[in-house]
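Below is start_4.txt, which holds compact mmCIF, C-alpha atoms and all ligand atoms.
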```txt
# COMPACT_ATOMS: atom_id res chain seq x y z
CA MET S 28 0.00 0.00 0.00
CA TYR S 29 1.66 3.19 -1.27
CA GLY S 30 0.46 5.41 1.60
CA ILE S 31 2.25 3.16 4.10
CA GLU S 32 5.26 2.16 2.00
CA ILE S 33 6.30 5.79 1.69
CA LEU S 34 6.05 6.26 5.48
CA VAL S 35 8.26 3.18 6.03
CA ASP S 36 10.81 4.59 3.57
CA GLU S 37 10.78 7.94 5.35
CA HIS S 38 11.45 6.16 8.65
CA LYS S 39 14.72 4.90 7.13
CA ASN S 40 15.76 8.47 6.35
CA ILE S 41 14.71 9.68 9.79
CA LEU S 42 16.69 6.85 11.42
CA ARG S 43 19.75 8.00 9.45
CA LEU S 44 19.20 11.54 10.72
CA LEU S 45 18.99 10.17 14.28
CA ASP S 46 22.25 8.24 13.80
CA CYS S 47 23.95 11.49 12.69
CA MET S 48 22.55 13.36 15.69
CA SER S 49 23.83 10.63 17.97
CA ALA S 50 27.29 10.69 16.32
CA SER S 51 27.56 14.47 16.75
CA SER S 52 26.56 14.18 20.41
CA TYR S 53 29.24 11.57 20.95
CA GLY S 54 31.70 14.00 19.35
CA ILE S 55 30.87 16.59 22.04
CA LEU S 56 31.31 13.94 24.73
CA LYS S 57 34.79 13.19 23.35
CA GLY S 58 35.72 16.89 23.57
CA GLU S 59 34.96 18.22 20.08
CA ASP S 60 33.59 21.77 19.77
CA VAL S 61 29.81 22.10 19.60
CA ASP S 62 28.91 22.73 15.95
CA VAL S 63 25.85 24.87 16.72
CA ASP S 64 25.02 25.39 13.03
CA LEU S 65 25.04 21.63 12.40
CA PHE S 66 22.74 21.00 15.38
CA LYS S 67 20.44 23.79 14.13
CA LYS S 68 20.33 22.02 10.76
CA TYR S 69 19.39 18.78 12.53
CA ILE S 70 16.53 20.64 14.21
CA ASP S 71 15.48 22.13 10.88
CA MET S 72 15.31 18.70 9.22
CA ALA S 73 13.64 17.13 12.27
CA ARG S 74 10.98 19.84 12.30
CA ASN S 75 10.35 20.12 8.59
CA TYR S 76 11.01 16.62 7.28
CA ALA S 77 10.40 14.26 10.24
CA ASP S 78 7.61 16.33 11.77
CA LYS S 79 5.90 18.54 9.19
CA HIS S 80 6.34 16.24 6.19
CA HIS S 81 6.29 12.76 7.74
CA HIS S 82 4.18 13.21 10.89
CA GLY S 83 2.06 15.57 8.80
CA LYS S 84 1.14 12.73 6.45
CA GLU S 85 0.45 10.43 9.39
CA GLU S 86 -1.72 12.93 11.25
CA LEU S 87 -3.61 14.40 8.30
CA ILE S 88 -4.03 11.25 6.21
CA LEU S 89 -3.33 7.73 7.52
CA PHE S 90 -4.06 8.23 11.24
CA LYS S 91 -7.05 10.42 10.46
CA HIS S 92 -8.66 7.70 8.34
CA MET S 93 -7.79 5.07 10.95
CA VAL S 94 -9.54 7.05 13.69
CA ASP S 95 -12.51 7.85 11.44
CA THR S 96 -13.15 4.29 10.27
CA MET S 97 -11.49 1.68 12.50
CA GLY S 98 -13.17 2.26 15.86
CA ALA S 99 -12.08 2.48 19.48
CA VAL S 100 -8.80 0.52 19.30
CA ALA S 101 -7.45 2.72 16.49
CA GLU S 102 -8.63 5.83 18.30
CA LYS S 103 -6.76 4.76 21.44
CA LEU S 104 -3.56 3.82 19.58
CA VAL S 105 -3.51 7.05 17.59
CA ASN S 106 -4.93 9.74 19.88
CA TYR S 107 -3.47 8.49 23.17
CA GLY S 108 -0.33 7.00 21.67
CA MET S 109 1.13 8.25 18.44
CA LEU S 110 -0.08 11.86 18.58
CA ILE S 111 1.17 12.31 22.14
CA GLU S 112 4.52 10.83 21.12
CA HIS S 113 4.74 13.32 18.22
CA ASP S 114 4.26 16.08 20.80
CA TYR S 115 7.01 14.69 23.04
CA GLY S 116 9.36 14.81 20.06
CA ARG S 117 8.54 18.49 19.52
CA LEU S 118 9.28 19.19 23.18
CA TYR S 119 12.76 17.67 22.94
CA LEU S 120 13.49 19.79 19.85
CA THR S 121 12.36 23.00 21.59
CA SER S 122 14.56 22.23 24.61
CA LEU S 123 17.51 21.41 22.34
CA ASP S 124 17.00 24.64 20.39
CA GLU S 125 16.95 26.66 23.62
CA ALA S 126 20.11 24.95 24.89
CA LEU S 127 21.91 25.74 21.60
CA ASP S 128 20.87 29.41 21.75
CA ALA S 129 22.01 29.67 25.35
CA TYR S 130 25.32 27.97 24.51
CA ARG S 131 25.89 30.26 21.54
CA SER S 132 25.31 33.39 23.62
CA THR S 133 27.09 32.39 26.85
CA GLY S 134 29.57 29.68 25.85
CA ASP S 135 28.78 28.03 29.19
CA ASP S 136 30.36 24.58 29.19
CA LYS S 137 27.58 23.10 31.36
CA LEU S 138 25.08 23.63 28.53
CA LYS S 139 26.76 20.80 26.63
CA LEU S 140 24.90 18.51 29.04
CA ASP S 141 21.55 19.94 27.89
CA ILE S 142 22.56 19.67 24.24
CA ILE S 143 23.59 16.03 24.57
CA ALA S 144 20.68 15.07 26.85
CA ASN S 145 17.98 16.59 24.64
CA THR S 146 19.52 15.24 21.45
CA ILE S 147 19.81 11.69 22.80
CA GLY S 148 16.38 11.97 24.43
CA TYR S 149 14.92 12.85 21.03
CA VAL S 150 16.91 10.12 19.23
CA ASN S 151 15.83 7.35 21.62
CA HIS S 152 12.25 8.56 21.75
CA LEU S 153 11.89 8.64 17.97
CA ARG S 154 13.62 5.29 17.45
CA ARG S 155 11.09 3.66 19.80
CA HIS S 156 8.22 5.52 18.12
CA ILE S 157 9.30 4.40 14.64
CA ASP S 158 9.67 0.79 15.79
CA LYS S 159 6.11 0.85 17.18
CA GLU S 160 4.71 2.28 13.96
CA ASP S 161 6.57 -0.13 11.67
CA ASN S 162 5.67 -3.22 13.70
CA VAL S 163 2.29 -2.44 15.25
CA ILE S 164 0.44 0.61 13.92
CA TYR S 165 1.13 0.33 10.18
CA THR S 166 0.62 -3.44 10.12
CA PHE S 167 -2.68 -2.97 11.98
CA ALA S 168 -3.77 -0.34 9.43
CA GLU S 169 -2.70 -2.49 6.48
CA ARG S 170 -4.74 -5.39 7.86
CA GLU S 171 -7.88 -3.54 8.98
CA LEU S 172 -8.47 -0.61 6.63
CA SER S 173 -11.04 -1.23 3.91
CA ASP S 174 -9.88 -1.28 0.28
CA GLU S 175 -11.83 1.89 -0.37
CA ILE S 176 -10.12 3.82 2.46
CA LYS S 177 -6.72 2.45 1.37
CA LYS S 178 -7.34 3.93 -2.06
CA THR S 179 -8.26 7.29 -0.49
CA VAL S 180 -5.13 7.24 1.69
CA ASN S 181 -2.98 6.47 -1.36
CA LYS S 182 -4.54 9.26 -3.40
CA GLU S 183 -4.21 11.88 -0.65
CA THR S 184 -0.61 10.78 -0.04
CA GLU S 185 0.22 11.25 -3.74
CA ILE S 186 -1.12 14.81 -3.69
CA PHE S 187 0.77 15.61 -0.46
CA GLU S 188 4.00 14.27 -1.98
CA ASP S 189 3.63 16.23 -5.23
CA GLU S 190 3.25 19.45 -3.28
CA ASN S 191 6.46 18.89 -1.28
CA LEU S 192 8.76 17.17 -3.78
CA GLU S 193 11.49 19.80 -4.14
CA LYS S 194 11.93 20.60 -0.45
CA VAL S 195 12.12 16.89 0.41
CA LYS S 196 14.81 16.34 -2.23
CA GLU S 197 16.93 19.10 -0.67
CA TYR S 198 16.72 17.52 2.79
CA ILE S 199 17.64 14.07 1.51
CA THR S 200 20.60 15.42 -0.46
CA TRP S 201 21.89 17.14 2.68
CA LEU S 202 21.28 13.98 4.74
CA ASP S 203 23.26 11.91 2.20
CA GLU S 204 26.19 14.32 2.50
CA ILE S 205 26.23 14.51 6.29
CA SER S 206 25.70 10.78 6.83
CA ASN S 207 28.51 9.97 4.37
CA LYS S 208 30.73 12.18 6.48
CA LEU S 209 29.64 11.07 9.94
CA LEU S 210 28.56 7.46 9.54
CA ALA S 211 31.08 6.16 7.00
FE FE S 301 4.61 8.97 13.97
FE FE S 302 6.30 7.69 11.52
```
Full structure transcribed into structure tokens:
Amino acid sequence: MYGIEILVDEHKNILRLLDCMSASSYGILKGEDVDVDLFKKYIDMARNYADKHHHGKEELILFKHMVDTMGAVAEKLVNYGMLIEHDYGRLYLTSLDEALDAYRSTGDDKLKLDIIANTIGYVNHLRRHIDKEDNVIYTFAERELSDEIKKTVNKETEIFEDENLEKVKEYITWLDEISNKLLA
């Protein structure tokens, strides 16, 4: 099902982003300078690709149709599970952003703790979230959604993708470059 296959593919890109974020945090731990601009770019991709583009498709298309048509179990999994987890991710990014701003303006060494903690908090949180979606939520949707709703999800996903093609390409090109550098 196209509407789910594309989400699974995006998870692979997001996991690569998380690996890079983890590698850069480990660099700080080993004594490297904090590359504030690089961490800001991580936040930019996390907010615009992982959240706006990927979670956007989940929230506006797949999860919406699951809640509308699959009953109480889907409603519980989505509204009290996945959507809350998306919000937790946003919270980590806000805290990381604030720590980076504070570090940039004060140079206070202690802020490295906040940078590492919020980055790794986000990385671990999203890895668990992705694992749950790949192995529970998406498989549940694939099994239970009607053929008609699957078609609707696929169609709406196609339109969403067409509207965001160029911006997505830019993020993936940047991710290829940075992961070649950091994860080789
Ligand atoms: Fe999600
Ligand atoms: Fe997801």
Shell of 9 Å around Asn40 of chain S, all atoms listed in the file, local chain residues under 5 positions omitted, as a PyMOL selection string: chain S and resi 45+77+199+202
Within 10 Å of ligand FE 301 (chain S), counting all atoms listed in the file, residues as a PyMOL selection string: chain S and resi 34+38+77-78+81-86+90+105+108-114+116+153+156-161+164
Nearest to ligand FE 302 (chain S) by atom-to-atom distance, counting all atoms listed in the file, from S:Asp203, S:Glu183, S:Glu32, S:Asp46: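 Smallest separation from ligand FE 302 (chain S) among the options: S:Glu32.
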Pick from S:Leu65, S:Met97, S:Val163, S:Ile55 nearest to ligand FE 302 (chain S), counting only C-alpha atoms and all ligand atoms: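 Checking each candidate against ligand FE 302 (chain S), we get S:Val163 as the closest.
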Best match for closeness to ligand FE 302 (chain S) among S:Lys68, S:Arg43, S:Lys57, S:Arg154, counting all atoms listed in the file: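 When distances to ligand FE 302 (chain S) are compared using all atoms listed in the file, the smallest one comes from S:Arg154.
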Within 9 Å of Val61 of chain S using all atoms listed in the file, minus same-chain residues under 3 positions, as a list of chain:residue names: S:Ser51, S:Ser52, S:Gly54, S:Ile55, S:Gly58, S:Asp64, S:Leu65, S:Phe66, S:Leu127, S:Tyr130, S:Lys139, S:Ile142
Atoms to include: C-alpha atoms. Write the selected residues as a CSV table (one decimal), keeping the file's coordinate frame.
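Wrote it out as selection_19.csv, contents follow:
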```
chain,number,residue,atom,x,y,z
S,51,SER,CA,27.6,14.5,16.8
S,52,SER,CA,26.6,14.2,20.4
S,54,GLY,CA,31.7,14.0,19.4
S,55,ILE,CA,30.9,16.6,22.0
S,58,GLY,CA,35.7,16.9,23.6
S,64,ASP,CA,25.0,25.4,13.0
S,65,LEU,CA,25.0,21.6,12.4
S,66,PHE,CA,22.7,21.0,15.4
S,127,LEU,CA,21.9,25.7,21.6
S,130,TYR,CA,25.3,28.0,24.5
S,139,LYS,CA,26.8,20.8,26.6
S,142,ILE,CA,22.6,19.7,24.2
```
List every protein, DNA or RNA residue with an atom no more than 10 Å from (21.8, 14.5, 23.7) in the file's coordinates, counting only C-alpha atoms, and format the result as a CSV table (one decimal) with C-alpha atoms, keeping the file's coordinate frame.
```
chain,number,residue,atom,x,y,z
S,48,MET,CA,22.6,13.4,15.7
S,49,SER,CA,23.8,10.6,18.0
S,50,ALA,CA,27.3,10.7,16.3
S,51,SER,CA,27.6,14.5,16.8
S,52,SER,CA,26.6,14.2,20.4
S,53,TYR,CA,29.2,11.6,21.0
S,55,ILE,CA,30.9,16.6,22.0
S,56,LEU,CA,31.3,13.9,24.7
S,119,TYR,CA,12.8,17.7,22.9
S,123,LEU,CA,17.5,21.4,22.3
S,139,LYS,CA,26.8,20.8,26.6
S,140,LEU,CA,24.9,18.5,29.0
S,141,ASP,CA,21.6,19.9,27.9
S,142,ILE,CA,22.6,19.7,24.2
S,143,ILE,CA,23.6,16.0,24.6
S,144,ALA,CA,20.7,15.1,26.8
S,145,ASN,CA,18.0,16.6,24.6
S,146,THR,CA,19.5,15.2,21.4
S,147,ILE,CA,19.8,11.7,22.8
S,148,GLY,CA,16.4,12.0,24.4
S,149,TYR,CA,14.9,12.8,21.0
S,150,VAL,CA,16.9,10.1,19.2
S,151,ASN,CA,15.8,7.4,21.6
```
Which of S:Ile186, S:Ala211, S:Leu192, S:Ala73 sits closest to ligand FE 302 (chain S) [using all atoms listed in the file]: S:Ala73
Enclose the full set of atoms of segment 53-56 of chain S listed in the file within a box whose edges lie along x, y and z, apply 4 Å of padding to each of the six sides, and report centre and edge lengths in Å to one decimal as AutoDock Vina command-line options.
```
--center_x 30.5 --center_y 14.1 --center_z 22.0 --size_x 10.5 --size_y 13.0 --size_z 13.4
```
Contact residues around Leu209 of chain S with all atoms listed in the file at 7 Å, ignoring same-chain residues under 3 positions, as a ChimeraX atom specification: /S:47,50,205-206
Since the input is missing atoms, can you rebuild N, CA and C atoms for segment 95-110 of chain S and write them as an mmCIF file, in the frame of the given file?
```cif
data_model
loop_
_atom_site.group_PDB
_atom_site.id
_atom_site.type_symbol
_atom_site.label_atom_id
_atom_site.label_comp_id
_atom_site.auth_asym_id
_atom_site.auth_seq_id
_atom_site.Cartn_x
_atom_site.Cartn_y
_atom_site.Cartn_z
ATOM 1 N N ASP S 95 -11.154 7.659 11.980
ATOM 2 C CA ASP S 95 -12.510 7.850 11.440
ATOM 3 C C ASP S 95 -13.230 6.537 11.134
ATOM 4 N N THR S 96 -12.458 5.489 10.781
ATOM 5 C CA THR S 96 -13.150 4.290 10.270
ATOM 6 C C THR S 96 -12.872 2.992 11.026
ATOM 7 N N MET S 97 -11.868 2.965 11.922
ATOM 8 C CA MET S 97 -11.490 1.680 12.500
ATOM 9 C C MET S 97 -11.935 1.478 13.947
ATOM 10 N N GLY S 98 -12.607 2.465 14.533
ATOM 11 C CA GLY S 98 -13.170 2.260 15.860
ATOM 12 C C GLY S 98 -12.252 2.556 17.024
ATOM 13 N N ALA S 99 -12.681 2.070 18.207
ATOM 14 C CA ALA S 99 -12.080 2.480 19.480
ATOM 15 C C ALA S 99 -10.602 2.117 19.625
ATOM 16 N N VAL S 100 -10.205 0.936 19.129
ATOM 17 C CA VAL S 100 -8.800 0.520 19.300
ATOM 18 C C VAL S 100 -7.879 1.469 18.545
ATOM 19 N N ALA S 101 -8.264 1.801 17.295
ATOM 20 C CA ALA S 101 -7.450 2.720 16.490
ATOM 21 C C ALA S 101 -7.408 4.101 17.146
ATOM 22 N N GLU S 102 -8.557 4.514 17.658
ATOM 23 C CA GLU S 102 -8.630 5.830 18.300
ATOM 24 C C GLU S 102 -7.662 5.889 19.496
ATOM 25 N N LYS S 103 -7.640 4.820 20.272
ATOM 26 C CA LYS S 103 -6.760 4.760 21.440
ATOM 27 C C LYS S 103 -5.289 4.773 21.018
ATOM 28 N N LEU S 104 -4.951 3.913 20.042
ATOM 29 C CA LEU S 104 -3.560 3.820 19.580
ATOM 30 C C LEU S 104 -3.065 5.140 19.018
ATOM 31 N N VAL S 105 -3.927 5.816 18.262
ATOM 32 C CA VAL S 105 -3.510 7.050 17.590
ATOM 33 C C VAL S 105 -3.567 8.238 18.550
ATOM 34 N N ASN S 106 -4.759 8.513 19.096
ATOM 35 C CA ASN S 106 -4.930 9.740 19.880
ATOM 36 C C ASN S 106 -4.192 9.730 21.209
ATOM 37 N N TYR S 107 -4.129 8.549 21.867
ATOM 38 C CA TYR S 107 -3.470 8.490 23.170
ATOM 39 C C TYR S 107 -2.081 7.847 23.070
ATOM 40 N N GLY S 108 -1.658 7.577 21.870
ATOM 41 C CA GLY S 108 -0.330 7.000 21.670
ATOM 42 C C GLY S 108 0.504 7.839 20.722
ATOM 43 N N MET S 109 0.272 7.635 19.452
ATOM 44 C CA MET S 109 1.130 8.250 18.440
ATOM 45 C C MET S 109 1.136 9.777 18.474
ATOM 46 N N LEU S 110 -0.020 10.387 18.621
ATOM 47 C CA LEU S 110 -0.080 11.860 18.580
ATOM 48 C C LEU S 110 0.631 12.473 19.786
#
```
